[in-house]
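Data from final_3.cif: mmCIF, C-alpha atoms and all ligand atoms
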data_query
loop_
_atom_site.label_atom_id
_atom_site.label_comp_id
_atom_site.auth_asym_id
_atom_site.auth_seq_id
_atom_site.Cartn_x
_atom_site.Cartn_y
_atom_site.Cartn_z
CA MET A 1 193.03 -41.73 89.61
CA GLU A 2 194.12 -38.14 89.33
CA PRO A 3 193.57 -34.98 91.38
CA PHE A 4 191.10 -32.39 90.12
CA ALA A 5 189.70 -29.04 91.18
CA LEU A 6 186.30 -27.41 90.86
CA PRO A 7 185.74 -23.67 90.38
CA GLU A 8 185.68 -21.33 93.40
CA THR A 9 182.03 -20.55 92.72
CA PHE A 10 180.94 -24.21 92.56
CA LEU A 11 178.53 -25.18 95.35
CA LEU A 12 178.42 -28.60 96.97
CA GLY A 13 176.05 -30.07 99.51
CA THR A 14 173.46 -32.79 99.98
CA ALA A 15 169.80 -33.30 99.12
CA THR A 16 167.00 -34.78 101.23
CA ALA A 17 163.21 -35.05 101.00
CA SER A 18 160.83 -34.15 103.83
CA LEU A 19 158.94 -37.46 103.92
CA GLN A 20 162.15 -39.46 103.96
CA ILE A 21 163.62 -37.79 107.04
CA GLU A 22 161.11 -35.78 109.06
CA GLY A 23 158.85 -38.34 110.70
CA GLY A 24 155.76 -37.45 112.73
CA ASP A 25 153.20 -36.75 109.99
CA ARG A 26 150.21 -39.04 109.54
CA ASN A 27 148.43 -36.94 106.98
CA ASN A 28 150.26 -38.00 103.82
CA SER A 29 150.02 -40.72 101.18
CA TRP A 30 153.21 -42.50 102.26
CA TYR A 31 152.09 -42.82 105.87
CA ARG A 32 148.99 -44.64 104.70
CA TRP A 33 150.98 -46.78 102.26
CA ALA A 34 153.33 -47.86 105.06
CA GLU A 35 150.38 -48.53 107.39
CA GLN A 36 148.94 -50.81 104.71
CA GLY A 37 152.09 -52.92 104.94
CA HIS A 38 153.66 -52.16 101.57
CA ILE A 39 157.19 -51.41 102.76
CA THR A 40 159.31 -54.39 101.77
CA ASP A 41 161.56 -54.53 104.83
CA GLY A 42 158.62 -54.02 107.18
CA THR A 43 159.81 -50.61 108.41
CA HIS A 44 157.81 -47.36 108.43
CA CYS A 45 158.16 -43.64 107.70
CA ILE A 46 156.44 -42.44 110.87
CA VAL A 47 159.70 -41.76 112.71
CA ALA A 48 162.32 -41.95 109.94
CA ASN A 49 165.18 -39.69 111.08
CA ASP A 50 163.00 -37.68 113.45
CA HIS A 51 164.45 -34.71 111.62
CA TRP A 52 161.40 -32.59 112.50
CA ASN A 53 162.74 -32.57 116.05
CA ARG A 54 166.41 -32.76 115.19
CA ALA A 55 166.87 -30.08 112.54
CA LYS A 56 169.41 -28.31 114.72
CA GLU A 57 171.56 -31.40 115.11
CA ASP A 58 171.29 -32.16 111.41
CA THR A 59 172.23 -28.63 110.40
CA ALA A 60 175.28 -28.95 112.64
CA LEU A 61 176.13 -32.13 110.74
CA MET A 62 175.90 -30.29 107.43
CA LYS A 63 178.16 -27.61 108.83
CA LYS A 64 180.62 -30.26 109.90
CA LEU A 65 180.52 -31.67 106.38
CA ASN A 66 181.33 -28.17 105.03
CA HIS A 67 178.15 -27.83 102.97
CA HIS A 68 177.77 -24.72 100.85
CA THR A 69 174.21 -25.58 99.95
CA TYR A 70 171.41 -27.95 100.96
CA ARG A 71 168.40 -29.15 98.97
CA MET A 72 165.48 -29.71 101.34
CA GLY A 73 161.86 -30.63 100.83
CA LEU A 74 158.67 -29.21 102.29
CA GLU A 75 155.81 -31.51 103.25
CA TRP A 76 152.65 -30.25 101.56
CA ALA A 77 150.52 -32.26 104.03
CA ARG A 78 151.97 -30.31 106.97
CA ILE A 79 151.64 -26.91 105.33
CA GLU A 80 148.10 -27.49 104.05
CA PRO A 81 146.70 -30.25 106.28
CA ILE A 82 143.15 -29.54 105.14
CA LYS A 83 142.33 -28.40 101.61
CA GLY A 84 142.52 -24.60 101.55
CA LYS A 85 143.63 -24.32 105.22
CA PHE A 86 147.25 -23.50 105.87
CA ASP A 87 149.03 -24.27 109.10
CA ALA A 88 150.97 -21.33 110.53
CA GLU A 89 152.97 -23.50 112.92
CA ALA A 90 154.33 -25.73 110.19
CA MET A 91 155.34 -22.67 108.21
CA ALA A 92 157.07 -21.15 111.25
CA HIS A 93 158.92 -24.42 111.70
CA TYR A 94 160.22 -24.41 108.12
CA ARG A 95 161.13 -20.74 108.44
CA ALA A 96 163.23 -21.49 111.49
CA GLU A 97 164.88 -24.40 109.70
CA ILE A 98 165.84 -22.21 106.75
CA GLU A 99 167.05 -19.42 109.02
CA LEU A 100 169.30 -21.91 110.73
CA LEU A 101 170.80 -22.88 107.37
CA LEU A 102 171.40 -19.26 106.48
CA GLU A 103 173.03 -18.57 109.87
CA ASN A 104 175.42 -21.39 108.98
CA ASN A 105 176.11 -20.00 105.53
CA ILE A 106 174.33 -22.88 103.80
CA LYS A 107 172.28 -21.83 100.81
CA PRO A 108 168.89 -23.55 100.64
CA LEU A 109 167.31 -24.99 97.51
CA ILE A 110 163.70 -25.79 98.33
CA THR A 111 161.66 -28.61 96.82
CA LEU A 112 157.90 -28.15 96.89
CA HIS A 113 156.84 -31.68 95.95
CA HIS A 114 158.85 -34.86 96.42
CA PHE A 115 156.61 -37.92 95.94
CA SER A 116 154.27 -37.48 98.93
CA ASN A 117 150.78 -35.96 98.83
CA PRO A 118 148.43 -34.72 101.54
CA LEU A 119 145.74 -37.37 102.10
CA TRP A 120 142.97 -34.97 101.07
CA LEU A 121 144.68 -34.59 97.70
CA GLU A 122 145.31 -38.33 97.38
CA ASP A 123 141.63 -38.97 98.05
CA GLN A 124 140.49 -36.64 95.31
CA GLY A 125 142.62 -38.38 92.68
CA ALA A 126 146.00 -36.81 93.45
CA TRP A 127 147.76 -35.76 90.23
CA MET A 128 145.11 -37.40 88.04
CA ASN A 129 142.60 -34.72 88.90
CA PRO A 130 143.27 -31.58 86.81
CA GLU A 131 142.26 -29.43 89.79
CA VAL A 132 145.71 -30.26 91.17
CA ILE A 133 147.22 -27.60 88.89
CA ASP A 134 145.39 -24.80 90.72
CA LEU A 135 145.85 -26.47 94.09
CA PHE A 136 149.61 -26.77 93.61
CA GLU A 137 149.77 -23.16 92.48
CA ALA A 138 147.90 -22.00 95.60
CA TYR A 139 150.18 -24.06 97.86
CA THR A 140 153.25 -22.69 96.04
CA ALA A 141 152.00 -19.12 96.38
CA HIS A 142 151.41 -19.57 100.10
CA VAL A 143 154.89 -21.02 100.62
CA VAL A 144 156.69 -18.37 98.60
CA GLU A 145 154.75 -15.52 100.26
CA ASN A 146 156.02 -16.90 103.57
CA LEU A 147 159.53 -18.05 102.71
CA GLY A 148 160.39 -16.09 99.57
CA ASP A 149 162.35 -13.49 101.51
CA LEU A 150 164.69 -16.24 102.78
CA ALA A 151 165.09 -18.51 99.78
CA SER A 152 165.94 -17.60 96.20
CA ASP A 153 166.24 -21.13 94.80
CA TRP A 154 163.30 -23.41 94.17
CA CYS A 155 162.62 -26.84 92.76
CA THR A 156 158.94 -27.26 91.96
CA ILE A 157 158.51 -31.01 91.48
CA ASN A 158 160.90 -33.90 92.00
CA GLU A 159 161.01 -36.63 89.36
CA PRO A 160 157.47 -36.71 87.98
CA ASN A 161 158.49 -39.64 85.75
CA VAL A 162 159.51 -41.79 88.71
CA TYR A 163 156.49 -40.77 90.80
CA LEU A 164 154.10 -41.70 87.98
CA TYR A 165 155.93 -44.82 86.87
CA GLU A 166 156.14 -46.37 90.33
CA GLY A 167 152.64 -45.34 91.37
CA TYR A 168 150.69 -45.96 88.15
CA VAL A 169 152.70 -48.36 85.96
CA GLU A 170 154.64 -50.63 88.34
CA GLY A 171 152.05 -50.06 91.05
CA ILE A 172 154.52 -50.41 93.92
CA TRP A 173 154.12 -46.87 95.29
CA PRO A 174 150.88 -45.21 96.32
CA PRO A 175 148.24 -45.43 95.00
CA GLY A 176 149.42 -48.82 93.62
CA GLU A 177 147.75 -48.80 90.22
CA LYS A 178 148.82 -50.36 86.92
CA ASN A 179 147.45 -48.15 84.23
CA ILE A 180 149.76 -46.60 81.67
CA LEU A 181 147.07 -44.14 80.60
CA LYS A 182 147.22 -42.61 84.05
CA TYR A 183 150.96 -42.16 83.65
CA PHE A 184 150.29 -39.84 80.71
CA LYS A 185 147.37 -38.14 82.37
CA GLY A 186 149.48 -37.41 85.44
CA ALA A 187 152.29 -36.13 83.24
CA ARG A 188 149.90 -33.65 81.64
CA ASN A 189 148.93 -32.26 85.04
CA MET A 190 152.41 -32.27 86.57
CA ILE A 191 153.89 -30.46 83.59
CA GLN A 192 151.28 -27.73 83.75
CA ALA A 193 151.50 -27.47 87.54
CA HIS A 194 155.24 -26.92 87.20
CA ILE A 195 154.76 -24.13 84.68
CA MET A 196 152.18 -22.33 86.80
CA ALA A 197 154.37 -22.67 89.90
CA TYR A 198 157.41 -21.45 87.96
CA ARG A 199 155.54 -18.30 87.01
CA LYS A 200 154.08 -17.81 90.47
CA ILE A 201 157.44 -18.02 92.24
CA HIS A 202 158.90 -15.43 89.88
CA GLU A 203 155.87 -13.17 90.20
CA ILE A 204 155.90 -13.18 94.00
CA ARG A 205 159.62 -12.75 94.42
CA LYS A 206 159.64 -9.96 91.86
CA ARG A 207 157.00 -8.18 93.90
CA MET A 208 159.29 -8.67 96.91
CA GLU A 209 161.97 -6.92 94.86
CA GLN A 210 164.17 -10.00 94.91
CA THR A 211 166.24 -10.32 91.77
CA ASP A 212 168.13 -13.59 92.22
CA THR A 213 165.29 -16.12 91.78
CA MET A 214 166.24 -19.53 90.36
CA VAL A 215 163.43 -21.98 89.64
CA GLY A 216 163.63 -25.43 88.09
CA PHE A 217 162.51 -29.02 88.56
CA ALA A 218 164.48 -32.17 89.38
CA HIS A 219 164.47 -34.51 86.40
CA HIS A 220 165.39 -38.16 86.93
CA GLU A 221 167.25 -39.47 83.94
CA ARG A 222 168.71 -42.91 83.38
CA VAL A 223 170.96 -43.78 80.50
CA PHE A 224 169.23 -46.22 78.16
CA ASP A 225 171.71 -48.13 76.00
CA PRO A 226 170.92 -50.95 73.54
CA LYS A 227 172.03 -54.30 74.93
CA THR A 228 173.68 -55.64 71.79
CA GLY A 229 173.49 -52.51 69.67
CA SER A 230 170.90 -53.90 67.23
CA ARG A 231 168.67 -51.50 65.30
CA LEU A 232 165.60 -52.81 67.02
CA GLU A 233 167.10 -52.17 70.43
CA MET A 234 168.07 -48.70 69.35
CA LEU A 235 164.47 -48.07 68.38
CA LEU A 236 163.31 -49.37 71.73
CA CYS A 237 165.76 -47.06 73.49
CA ARG A 238 164.39 -44.16 71.49
CA PHE A 239 160.87 -45.16 72.48
CA TYR A 240 161.80 -45.36 76.17
CA GLU A 241 163.68 -42.08 75.94
CA ARG A 242 160.51 -40.45 74.79
CA LEU A 243 158.23 -42.05 77.36
CA PHE A 244 160.46 -41.69 80.34
CA HIS A 245 162.45 -38.52 79.67
CA GLU A 246 161.46 -36.44 76.71
CA ILE A 247 157.80 -35.90 77.42
CA PHE A 248 158.72 -34.50 80.84
CA VAL A 249 161.65 -32.34 79.84
CA LYS A 250 159.93 -30.89 76.76
CA GLY A 251 156.82 -30.24 78.78
CA MET A 252 158.34 -28.76 81.89
CA ALA A 253 161.19 -26.87 80.27
CA GLU A 254 159.41 -25.60 77.16
CA GLY A 255 155.72 -26.01 77.85
CA GLU A 256 155.23 -28.33 74.89
CA LEU A 257 153.02 -31.39 75.34
CA LEU A 258 154.24 -34.30 73.24
CA LEU A 259 152.05 -37.21 72.21
CA PRO A 260 150.63 -39.21 73.93
CA VAL A 261 150.54 -36.66 76.78
CA GLY A 262 148.92 -34.00 74.62
CA SER A 263 149.87 -31.53 71.94
CA GLY A 264 150.80 -27.91 71.54
CA HIS A 265 151.64 -25.41 74.29
CA PRO A 266 148.49 -25.14 76.44
CA ARG A 267 150.19 -22.76 78.90
CA GLY A 268 152.06 -20.76 76.29
CA PHE A 269 155.57 -20.81 74.84
CA GLY A 270 158.51 -20.14 77.11
CA LEU A 271 161.50 -21.51 78.93
CA TYR A 272 160.31 -22.62 82.33
CA MET A 273 163.59 -23.32 84.09
CA ASP A 274 166.46 -21.13 85.25
CA TYR A 275 168.66 -24.17 85.80
CA PHE A 276 168.45 -27.75 84.63
CA GLY A 277 168.08 -30.04 87.67
CA LEU A 278 169.43 -33.52 87.01
CA ASN A 279 169.03 -36.53 89.29
CA TYR A 280 171.35 -39.23 88.01
CA TYR A 281 172.00 -42.70 89.39
CA THR A 282 172.48 -45.41 86.77
CA ARG A 283 171.89 -46.87 83.32
CA ASP A 284 169.82 -49.71 81.89
CA LEU A 285 170.56 -51.92 78.90
CA ILE A 286 167.51 -52.45 76.75
CA SER A 287 166.53 -55.45 74.66
CA LEU A 288 163.31 -56.81 73.15
CA SER A 289 160.71 -58.47 75.34
CA LEU A 290 157.49 -60.07 74.18
CA ASN A 291 155.64 -58.76 77.19
CA PRO A 292 153.21 -55.96 76.27
CA ALA A 293 152.85 -55.02 79.95
CA ALA A 294 156.56 -54.13 79.92
CA LEU A 295 156.00 -52.15 76.70
CA PHE A 296 158.09 -54.74 74.83
CA ALA A 297 161.35 -53.82 76.48
CA LYS A 298 163.51 -55.73 78.88
CA MET A 299 165.81 -53.69 81.09
CA GLU A 300 168.97 -55.25 82.39
CA VAL A 301 172.19 -54.40 84.09
CA ARG A 302 175.34 -54.89 82.02
CA GLN A 303 176.92 -58.30 82.67
CA GLY A 304 179.90 -58.03 84.97
CA ALA A 305 179.09 -54.44 85.89
CA GLU A 306 179.87 -53.20 89.37
CA VAL A 307 176.53 -52.64 91.11
CA ASN A 308 175.30 -51.05 94.34
CA ASP A 309 173.29 -52.70 97.13
CA LEU A 310 170.10 -52.35 95.05
CA GLY A 311 171.72 -53.86 91.95
CA TRP A 312 172.10 -50.57 90.06
CA GLU A 313 175.10 -50.31 87.74
CA LEU A 314 177.76 -47.81 88.78
CA TYR A 315 178.22 -45.83 85.59
CA PRO A 316 179.81 -42.38 86.13
CA GLU A 317 180.20 -41.65 82.40
CA GLY A 318 176.43 -41.50 82.27
CA LEU A 319 176.53 -38.28 84.24
CA TYR A 320 178.94 -36.84 81.69
CA ARG A 321 176.79 -37.92 78.76
CA LEU A 322 173.59 -36.48 80.19
CA CYS A 323 175.06 -33.13 81.18
CA LYS A 324 176.52 -32.77 77.69
CA LYS A 325 173.20 -33.63 76.11
CA TYR A 326 171.17 -31.13 78.13
CA TYR A 327 173.72 -28.35 77.97
CA GLN A 328 173.72 -28.64 74.21
CA LEU A 329 169.94 -28.54 74.19
CA TYR A 330 169.27 -25.69 76.61
CA SER A 331 172.51 -23.88 77.59
CA VAL A 332 171.18 -23.13 81.08
CA PRO A 333 173.25 -23.79 84.23
CA ILE A 334 173.08 -27.39 85.41
CA PHE A 335 172.52 -28.37 89.02
CA ILE A 336 173.08 -32.02 89.86
CA THR A 337 170.09 -32.10 92.18
CA GLU A 338 170.80 -35.73 93.19
CA ASN A 339 173.59 -38.26 92.77
CA GLY A 340 174.66 -40.94 95.20
CA THR A 341 174.52 -44.65 95.91
CA CYS A 342 173.14 -47.32 98.19
CA ASP A 343 176.08 -48.82 100.08
CA ALA A 344 175.41 -50.02 103.61
CA ARG A 345 179.05 -51.01 104.20
CA ASP A 346 180.41 -47.77 102.75
CA ALA A 347 182.58 -50.00 100.60
CA PHE A 348 182.40 -48.09 97.31
CA ARG A 349 180.68 -44.76 98.08
CA THR A 350 183.99 -42.87 98.33
CA ARG A 351 185.01 -44.10 94.91
CA TYR A 352 181.52 -43.37 93.55
CA ILE A 353 181.77 -39.76 94.73
CA TYR A 354 185.24 -39.39 93.26
CA ASP A 355 184.21 -40.87 89.92
CA HIS A 356 181.10 -38.73 89.51
CA LEU A 357 182.73 -35.49 90.60
CA PHE A 358 185.61 -36.25 88.29
CA GLN A 359 183.11 -36.30 85.41
CA ILE A 360 181.83 -32.92 86.59
CA SER A 361 185.33 -31.48 86.53
CA ARG A 362 185.76 -32.82 82.99
CA LEU A 363 182.50 -31.20 81.93
CA ILE A 364 183.46 -27.86 83.42
CA ASP A 365 186.84 -28.00 81.69
CA GLU A 366 184.97 -28.53 78.43
CA GLY A 367 182.80 -25.46 79.02
CA VAL A 368 179.61 -27.10 80.35
CA ASP A 369 178.14 -24.79 83.00
CA VAL A 370 177.62 -27.24 85.87
CA ARG A 371 177.25 -25.12 88.99
CA ARG A 372 176.10 -27.31 91.84
CA PHE A 373 176.27 -30.84 93.15
CA TYR A 374 173.87 -32.29 95.73
CA HIS A 375 174.96 -35.67 97.01
CA TRP A 376 172.05 -38.03 97.69
CA THR A 377 171.94 -38.06 100.60
CA LEU A 378 172.97 -36.50 103.88
CA MET A 379 172.08 -39.44 106.13
CA ASP A 380 170.49 -42.87 105.81
CA ASN A 381 166.75 -42.40 105.63
CA PHE A 382 163.41 -43.88 104.61
CA GLU A 383 164.05 -45.12 101.07
CA TRP A 384 160.41 -45.32 99.90
CA VAL A 385 159.21 -48.87 99.28
CA GLU A 386 162.57 -50.37 100.34
CA GLY A 387 162.23 -48.79 103.79
CA LEU A 388 164.98 -47.93 106.27
CA SER A 389 167.37 -50.70 105.27
CA ALA A 390 168.58 -49.13 101.99
CA ARG A 391 171.46 -46.90 102.98
CA PHE A 392 172.36 -43.88 100.87
CA GLY A 393 173.83 -41.62 103.59
CA LEU A 394 177.17 -39.91 104.06
CA VAL A 395 176.11 -40.29 107.65
CA GLU A 396 175.16 -43.64 109.12
CA VAL A 397 172.00 -43.64 111.20
CA ASP A 398 171.02 -46.05 113.96
CA PHE A 399 167.26 -45.69 113.74
CA GLU A 400 166.73 -47.14 117.23
CA SER A 401 168.82 -44.56 119.04
CA GLN A 402 168.76 -41.92 116.27
CA LYS A 403 172.55 -41.70 116.60
CA ARG A 404 174.30 -40.25 113.57
CA ALA A 405 177.91 -41.15 112.64
CA ILE A 406 179.81 -39.72 109.69
CA ARG A 407 181.04 -42.47 107.40
CA PRO A 408 184.55 -42.40 105.84
CA SER A 409 182.92 -41.39 102.53
CA GLY A 410 181.32 -38.48 104.42
CA LYS A 411 184.73 -37.38 105.63
CA PHE A 412 186.04 -37.56 102.09
CA TYR A 413 183.10 -35.48 100.83
CA ALA A 414 183.61 -32.95 103.63
CA GLU A 415 187.20 -32.45 102.49
CA ILE A 416 186.09 -32.01 98.90
CA CYS A 417 183.59 -29.37 100.00
CA GLU A 418 186.22 -27.63 102.07
CA ASN A 419 188.76 -27.35 99.24
CA ARG A 420 186.55 -27.73 96.18
CA SER A 421 189.11 -30.23 94.98
CA VAL A 422 190.49 -33.73 95.31
CA THR A 423 194.23 -33.63 95.95
CA GLN A 424 196.81 -36.39 95.56
CA LYS A 425 196.96 -36.57 99.35
CA MET A 426 193.21 -37.16 99.57
CA ILE A 427 193.43 -39.88 96.93
CA GLU A 428 196.08 -41.65 98.99
CA LYS A 429 194.18 -41.15 102.24
CA TYR A 430 190.72 -42.20 101.09
CA LEU A 431 191.14 -44.16 97.90
CA GLY A 432 194.61 -45.65 98.32
C1 LIG K 1 164.60 -39.89 94.63
C2 LIG K 1 164.99 -40.03 96.08
C3 LIG K 1 165.46 -41.45 96.35
C4 LIG K 1 166.68 -41.70 95.50
C5 LIG K 1 167.33 -43.05 95.70
C6 LIG K 1 165.57 -40.54 93.68
O1 LIG K 1 164.87 -41.11 92.62
O2 LIG K 1 164.37 -38.55 94.30
O3 LIG K 1 163.89 -39.67 96.88
O4 LIG K 1 165.69 -41.70 97.69
O5 LIG K 1 166.31 -41.61 94.15
O6 LIG K 1 166.49 -44.06 95.29
#
Go ahead and express the file in the form of structure tokens.
Ligand code: BGC
Amino acid sequence: MEPFALPETFLLGTATASLQIEGGDRNNSWYRWAEQGHITDGTHCIVANDHWNRAKEDTALMKKLNHHTYRMGLEWARIEPIKGKFDAEAMAHYRAEIELLLENNIKPLITLHHFSNPLWLEDQGAWMNPEVIDLFEAYTAHVVENLGDLASDWCTINEPNVYLYEGYVEGIWPPGEKNILKYFKGARNMIQAHIMAYRKIHEIRKRMEQTDTMVGFAHHERVFDPKTGSRLEMLLCRFYERLFHEIFVKGMAEGELLLPVGSGHPRGFGLYMDYFGLNYYTRDLISLSLNPAALFAKMEVRQGAEVNDLGWELYPEGLYRLCKKYYQLYSVPIFITENGTCDARDAFRTRYIYDHLFQISRLIDEGVDVRRFYHWTLMDNFEWVEGLSARFGLVEVDFESQKRAIRPSGKFYAEICENRSVTQKMIEKYLG
């Protein structure tokens, strides 16, 4: 292990999503899913971190952790509780939350959609109904008209591939369907919704005479490697690459619909991202399966690999590989919009952070323009279908008392943020 330093202009912080921390909203698809008993550990999102009432305390935590930036989500169901009717109180609440960040010198990056839908949208077919493109644009316009003077940086949609895969292929997230055709249909709508929102955010902020707008999306990418290296496995990897990554990146970044999502550029040619947002966690080894429902591929974790509490391989080089790949393709700044691990005992999170940031320093040394890093996540929260027991936080949360306690890995991260470096002393103190 060696010391390293990040550039003076590099921004570090954490990312969260509204549904996973806020609590208190009954008007969204995840509330209903939890009510129906789908959360595997039997917990619920209705309280989560009670962040809606504790934003002040949580901002103070971020300050204590020396954040330069914070990626936060907005809950569409709160802002537009009834189709076409916007709630002024919810907007005022988010405004106050963002103002608090700014007072603390923490730069916000705002996510407009992170897995949860208002119930009215869910009940009209959610992202399967093409009307969602206009609806998302109207919601985006309303938000940016109201918050665009405070925030320059926007993330339209978080991980459309994961949202569609879990909800429409695996069927373990709302609405719990197993229909691959819907995966492609949803992709078509999410891609176009992103493009329209991208344009809208720029249009509104330009009118506001703001010149520093940065808009992108958060793309979840896994490394797919062939298990034994056979040609067939390589072909399967290529196939999965296309289905899981390429159709989304090509569509959202360039406006091109690839088969089987569609064809051509229905919303015009362009580059619809000012930064490339990468959410990276792990890799899968791929081999042949005879199961058509699994699209003939079996995904496994490398034998003997170190894994996290959810069984995901810890593979920091993957972050390096993916940043290289996308920088070569697009040459736009890269924001690591999410990276972190599930580690209830905080046994390997410190090392995980070191290893992944070390890859970032390598990339920067080699001329790759990585500008930001958002650790997933600030504090333990509601981890979707796994519930409250999967622990990704720099801060440990006792959900009974809502007490927050910074973990040793959080202290390590705070020191990295403070100095934008890992020194020999820090290695001895935290990783010795
Ligand atoms: C999602 C987060 C989630 C994290 C860990 C990402 O795919 O954007 O909402 O909590 O992974 O599973």
Env. residues ligand LIG 1 (chain K) / 8 Å / all atoms listed in the file / as a compact mmCIF listing (two decimals) with C-alpha atoms, keeping the file's coordinate frame:
# COMPACT_ATOMS: atom_id res chain seq x y z
CA THR A 16 167.00 -34.78 101.23
CA ALA A 17 163.21 -35.05 101.00
CA GLN A 20 162.15 -39.46 103.96
CA HIS A 114 158.85 -34.86 96.42
CA PHE A 115 156.61 -37.92 95.94
CA ASN A 158 160.90 -33.90 92.00
CA GLU A 159 161.01 -36.63 89.36
CA VAL A 162 159.51 -41.79 88.71
CA HIS A 220 165.39 -38.16 86.93
CA ASN A 279 169.03 -36.53 89.29
CA TYR A 281 172.00 -42.70 89.39
CA GLU A 338 170.80 -35.73 93.19
CA GLY A 340 174.66 -40.94 95.20
CA THR A 341 174.52 -44.65 95.91
CA CYS A 342 173.14 -47.32 98.19
CA TRP A 376 172.05 -38.03 97.69
CA THR A 377 171.94 -38.06 100.60
CA PHE A 382 163.41 -43.88 104.61
CA GLU A 383 164.05 -45.12 101.07
CA TRP A 384 160.41 -45.32 99.90
CA PHE A 392 172.36 -43.88 100.87
- Query: Looking at all atoms listed in the file, which of A:Met190, A:Leu102, A:Ala405, A:Ala34 is the one that sits closest to Pro174 in chain A?
  - Reply: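 For Pro174 in chain A, the nearest of the candidates is A:Ala34.
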- Message: Could you tell me how far CA of Gly410 in chain A sits from CA of Asp58 in chain A, in Å to one decimal place?
- Response: 13.8 Å
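Between Leu388 in chain A and the residues A:Tyr326, A:Ala193, A:Glu400, A:Glu317, the shortest atom-to-atom distance, using all atoms listed in the file, involves A:Glu400.
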- Item | Using all atoms listed in the file: which of A:His219, A:Ala151, A:Tyr94, A:Tyr163 has the shortest distance to Ala126 in chain A |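 The answer is A:Tyr163, which sits nearest to Ala126 in chain A.
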- Which residues, written as a ChimeraX atom specification, have at least one atom at most 12 Å from range 81-86 of chain A, with all atoms listed in the file counted and residues fewer than 6 positions away on the same chain left out? /A:25-28,75,92,117-124,131-132,134-143,146
- Polymer residues at most 8 Å from Ile180 in chain A, only C-alpha atoms, same-chain spacing of 3 or more positions, as a VMD selection string: chain A and resid 168 to 169 183 to 184
What does the file look like for those residues with C-alpha atoms, as a short mmCIF file (atom, residue, chain, number, x, y, z; two decimals), in the coordinates of the input?
data_model
loop_
_atom_site.label_atom_id
_atom_site.label_comp_id
_atom_site.auth_asym_id
_atom_site.auth_seq_id
_atom_site.Cartn_x
_atom_site.Cartn_y
_atom_site.Cartn_z
CA TYR A 168 150.69 -45.96 88.15
CA VAL A 169 152.70 -48.36 85.96
CA TYR A 183 150.96 -42.16 83.65
CA PHE A 184 150.29 -39.84 80.71
#
- Determine, counting only C-alpha atoms, which protein, DNA and RNA residues have an atom within 12 Å of an atom of Arg71 in chain A; residues of the same chain fewer than 4 positions away are not included. Present the result as a ChimeraX atom specification. /A:11-18,62,67,98,101,106-112,114,151,153-156,158,217-218,277,335-338,372-378
- Taking only C-alpha atoms into account, which of A:Glu35, A:Glu97, A:Glu177, A:Asp369 comes nearest Tyr275 in chain A?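 Smallest distance to Tyr275 in chain A is found for A:Asp369.
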- Message: Which residues are close to Thr228 in chain A, i.e. within 10 Å by only C-alpha atoms, leaving aside same-chain residues fewer than 5 positions away? Reply as JSON, numbers by chain.
- Response: {"A": [233, 234, 285, 286, 287]}
Expected file: the selected residues, C-alpha atoms, as a PDB file, in the frame of the given file:
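Result went into out_12.pdb, see below:
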ATOM      1  CA  GLU A 233     167.100 -52.170  70.430  1.00  0.00           C
ATOM      2  CA  MET A 234     168.070 -48.700  69.350  1.00  0.00           C
ATOM      3  CA  LEU A 285     170.560 -51.920  78.900  1.00  0.00           C
ATOM      4  CA  ILE A 286     167.510 -52.450  76.750  1.00  0.00           C
ATOM      5  CA  SER A 287     166.530 -55.450  74.660  1.00  0.00           C
TER       6      SER A 287
END
- Neighbourhood query: residues within 12 Å of (156.1, -11.0, 93.5), file coordinates, counting only C-alpha atoms; return as a PyMOL selection string. chain A and resi 141-142+144-146+148-149+198-211+213
- Query: In Å, how far is it from CA of Val215 in chain A to CA of Ile360 in chain A?
  - Reply: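 Interatomic distance, CA of Val215 in chain A to CA of Ile360 in chain A: 21.6 Å.
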- Closest of A:Gly432, A:Pro316, A:Gly186, A:Pro130 to Pro260 in chain A, counting all atoms listed in the file, is A:Gly186
